[in-house]
Amino acid sequence: MKNRKAPEGKRRRSQERKVFVGLTLGVLLFALCPCAHAQQGAGIPKIGWLSARRASNSGQEIIVRMLRDLGYVEGKNVAFEYRFADDKLDRLPALADELVRLKVDVLLTPGTPGALALKKATRTIPIVFLDVTDPVAAGLVDSLARPGGNITGFSSIEAVLAGKRLELLKETASKLSRVAVLWDPRNPGSTQEWKESQLAARTRPATSFYGSKQRRQI
């Protein structure tokens, strides 16, 4: 029975990831369509990809592959400009400015740091973000219902889930007395998760809570 549940859980996570990426592609293509129409006969549309991580990560590869499945082939009818910060968040503003100077048609970024850098870099080029913890708290959008400006995307609601994870952990291990959390003070999304975890810990006085300022990229 145990061996049967593991593959089912893996398949479910895989399916959820496909749905998430599919929705992201829908938003990306919606933002790209006006640009593609305007550029007919004037070259192919360009997508700018900004990532805090190193080159050739799985998220990037999935996006490119699924675009290809939809008929958007890199180098044929769509072009990508990739910029990677190699886990050095202080490089993101300069890389964002570089993509804007290249006059890409749409900007795509996974995570809060990249989204913040792109928002500061342009108010006109459409920006699509993925996996942002809390876009409202981060100052990226006005609200989830009406983002406003030139930016939209998907939230992972990790900040909301952070407290719930602690509650579930306490219920699972009733004698739990100490919890350690790894978070990145440079990352606004990670900082928000840490704050929410602290709030949840205060409702359980038997739980001592420790924060470790370890660098973790999202």
# chains A, B, ... in the order shown; residues from 1 in each chain; ligands from 1

call {"tool": "residues_around", "arguments": {"residues": "Ile125 in chain A", "least_positions_apart": "6", "cutoff": "8 Å", "atoms": "only C-alpha atoms", "output": "number ranges by chain"}}
result
A: 100, 104-107, 150

call {"tool": "residues_around", "arguments": {"residues": "Gly48 in chain A", "least_positions_apart": "3", "cutoff": "12 Å", "atoms": "only C-alpha atoms", "output": "PyMOL selection string"}}
result
chain A and resi 28+32+45+51+60+78-84+95-110+114+118+125-129

call {"tool": "write_last_selection", "arguments": {"atoms": "N, CA and C atoms", "output": "JSON list (two decimals), in the first residue's frame"}}
result
[["chain", "number", "residue", "atom", "x", "y", "z"],
["A", 28, "LEU", "N", 1.46, 34.25, -20.67],
["A", 28, "LEU", "CA", 2.58, 34.70, -21.49],
["A", 28, "LEU", "C", 2.16, 34.93, -22.93],
["A", 32, "LEU", "N", 2.02, 38.22, -25.25],
["A", 32, "LEU", "CA", 2.88, 38.21, -26.43],
["A", 32, "LEU", "C", 2.12, 38.48, -27.72],
["A", 45, "PRO", "N", 9.01, 38.03, -32.43],
["A", 45, "PRO", "CA", 8.91, 38.57, -31.08],
["A", 45, "PRO", "C", 9.98, 37.98, -30.16],
["A", 51, "SER", "N", 16.38, 35.26, -14.40],
["A", 51, "SER", "CA", 16.34, 34.30, -13.30],
["A", 51, "SER", "C", 17.45, 34.58, -12.30],
["A", 60, "GLN", "N", 13.02, 26.88, -16.81],
["A", 60, "GLN", "CA", 13.29, 27.46, -18.13],
["A", 60, "GLN", "C", 13.07, 26.43, -19.23],
["A", 78, "VAL", "N", 10.01, 32.66, -32.55],
["A", 78, "VAL", "CA", 10.11, 33.37, -31.28],
["A", 78, "VAL", "C", 11.57, 33.31, -30.82],
["A", 79, "ALA", "N", 12.02, 34.37, -30.18],
["A", 79, "ALA", "CA", 13.41, 34.42, -29.70],
["A", 79, "ALA", "C", 13.43, 34.64, -28.19],
["A", 80, "PHE", "N", 14.43, 34.09, -27.53],
["A", 80, "PHE", "CA", 14.61, 34.27, -26.10],
["A", 80, "PHE", "C", 15.92, 35.02, -25.84],
["A", 81, "GLU", "N", 15.87, 35.91, -24.87],
["A", 81, "GLU", "CA", 17.07, 36.54, -24.35],
["A", 81, "GLU", "C", 17.16, 36.13, -22.87],
["A", 82, "TYR", "N", 18.17, 35.32, -22.55],
["A", 82, "TYR", "CA", 18.30, 34.78, -21.19],
["A", 82, "TYR", "C", 19.31, 35.59, -20.39],
["A", 83, "ARG", "N", 18.96, 35.85, -19.14],
["A", 83, "ARG", "CA", 19.88, 36.47, -18.22],
["A", 83, "ARG", "C", 19.77, 35.75, -16.88],
["A", 84, "PHE", "N", 20.92, 35.31, -16.35],
["A", 84, "PHE", "CA", 20.95, 34.56, -15.09],
["A", 84, "PHE", "C", 21.86, 35.25, -14.09],
["A", 95, "LEU", "N", 20.86, 43.24, -14.79],
["A", 95, "LEU", "CA", 20.41, 42.30, -15.82],
["A", 95, "LEU", "C", 19.02, 42.70, -16.32],
["A", 96, "ALA", "N", 18.17, 43.18, -15.42],
["A", 96, "ALA", "CA", 16.84, 43.64, -15.83],
["A", 96, "ALA", "C", 16.95, 44.83, -16.77],
["A", 97, "ASP", "N", 17.82, 45.78, -16.43],
["A", 97, "ASP", "CA", 18.02, 46.95, -17.29],
["A", 97, "ASP", "C", 18.54, 46.53, -18.66],
["A", 98, "GLU", "N", 19.38, 45.51, -18.67],
["A", 98, "GLU", "CA", 19.95, 45.03, -19.93],
["A", 98, "GLU", "C", 18.86, 44.46, -20.83],
["A", 99, "LEU", "N", 17.95, 43.69, -20.25],
["A", 99, "LEU", "CA", 16.85, 43.12, -21.04],
["A", 99, "LEU", "C", 15.95, 44.23, -21.59],
["A", 100, "VAL", "N", 15.70, 45.24, -20.79],
["A", 100, "VAL", "CA", 14.86, 46.36, -21.25],
["A", 100, "VAL", "C", 15.52, 47.08, -22.42],
["A", 101, "ARG", "N", 16.84, 47.27, -22.33],
["A", 101, "ARG", "CA", 17.56, 47.94, -23.42],
["A", 101, "ARG", "C", 17.52, 47.14, -24.71],
["A", 102, "LEU", "N", 17.38, 45.82, -24.58],
["A", 102, "LEU", "CA", 17.30, 44.97, -25.76],
["A", 102, "LEU", "C", 15.93, 45.05, -26.44],
["A", 103, "LYS", "N", 15.00, 45.76, -25.78],
["A", 103, "LYS", "CA", 13.65, 45.98, -26.33],
["A", 103, "LYS", "C", 12.92, 44.67, -26.60],
["A", 104, "VAL", "N", 12.95, 43.78, -25.60],
["A", 104, "VAL", "CA", 12.18, 42.54, -25.72],
["A", 104, "VAL", "C", 10.71, 42.89, -25.64],
["A", 105, "ASP", "N", 9.86, 41.97, -26.09],
["A", 105, "ASP", "CA", 8.42, 42.23, -26.14],
["A", 105, "ASP", "C", 7.70, 41.83, -24.85],
["A", 106, "VAL", "N", 8.19, 40.80, -24.20],
["A", 106, "VAL", "CA", 7.61, 40.33, -22.95],
["A", 106, "VAL", "C", 8.74, 39.91, -22.03],
["A", 107, "LEU", "N", 8.56, 40.16, -20.72],
["A", 107, "LEU", "CA", 9.55, 39.76, -19.73],
["A", 107, "LEU", "C", 8.96, 38.67, -18.84],
["A", 108, "LEU", "N", 9.74, 37.63, -18.62],
["A", 108, "LEU", "CA", 9.28, 36.48, -17.82],
["A", 108, "LEU", "C", 10.31, 36.20, -16.74],
["A", 109, "THR", "N", 9.84, 36.00, -15.50],
["A", 109, "THR", "CA", 10.78, 35.76, -14.41],
["A", 109, "THR", "C", 10.17, 34.87, -13.33],
["A", 110, "PRO", "N", 10.93, 33.91, -12.81],
["A", 110, "PRO", "CA", 10.47, 33.10, -11.69],
["A", 110, "PRO", "C", 10.96, 33.69, -10.36],
["A", 114, "GLY", "N", 13.46, 38.66, -8.97],
["A", 114, "GLY", "CA", 13.50, 39.00, -10.39],
["A", 114, "GLY", "C", 12.33, 39.89, -10.79],
["A", 118, "LEU", "N", 12.54, 43.69, -12.40],
["A", 118, "LEU", "CA", 11.92, 44.03, -13.68],
["A", 118, "LEU", "C", 10.92, 45.17, -13.53],
["A", 125, "ILE", "N", 6.92, 47.49, -20.77],
["A", 125, "ILE", "CA", 7.01, 46.12, -21.29],
["A", 125, "ILE", "C", 6.23, 45.18, -20.38],
["A", 126, "PRO", "N", 5.36, 44.34, -20.93],
["A", 126, "PRO", "CA", 4.59, 43.40, -20.10],
["A", 126, "PRO", "C", 5.51, 42.45, -19.33],
["A", 127, "ILE", "N", 5.20, 42.25, -18.05],
["A", 127, "ILE", "CA", 5.98, 41.37, -17.18],
["A", 127, "ILE", "C", 5.08, 40.26, -16.67],
["A", 128, "VAL", "N", 5.54, 39.01, -16.79],
["A", 128, "VAL", "CA", 4.83, 37.86, -16.26],
["A", 128, "VAL", "C", 5.75, 37.18, -15.24],
["A", 129, "PHE", "N", 5.28, 37.06, -13.99],
["A", 129, "PHE", "CA", 6.09, 36.39, -12.97],
["A", 129, "PHE", "C", 5.50, 35.03, -12.62]]

call {"tool": "atom_distance", "arguments": {"atom1": "CA of Val73 in chain A", "atom2": "CA of Asp87 in chain A"}}
result
28.2 Å

call {"tool": "residues_around", "arguments": {"residues": "Leu116 in chain A", "least_positions_apart": "3", "cutoff": "12 Å", "atoms": "only C-alpha atoms", "output": "ChimeraX atom specification"}}
result
/A:50-52,89-90,92-93,96-97,108-113,119-123,127-129,132,134-141,151-152,187-189

call {"tool": "atom_distance", "arguments": {"atom1": "CA of Ala85 in chain A", "atom2": "CA of Ala117 in chain A"}}
result
11.6 Å

call {"tool": "atom_distance", "arguments": {"atom1": "CA of Leu70 in chain A", "atom2": "CA of Gly43 in chain A"}}
result
19.4 Å

call {"tool": "select_by_dssp", "arguments": {"residues": "range 57-205 of chain A", "states": "alpha helix (DSSP H)", "output": "ChimeraX atom specification"}}
result
/A:58-69,92-101,112-121,158-172,188-202
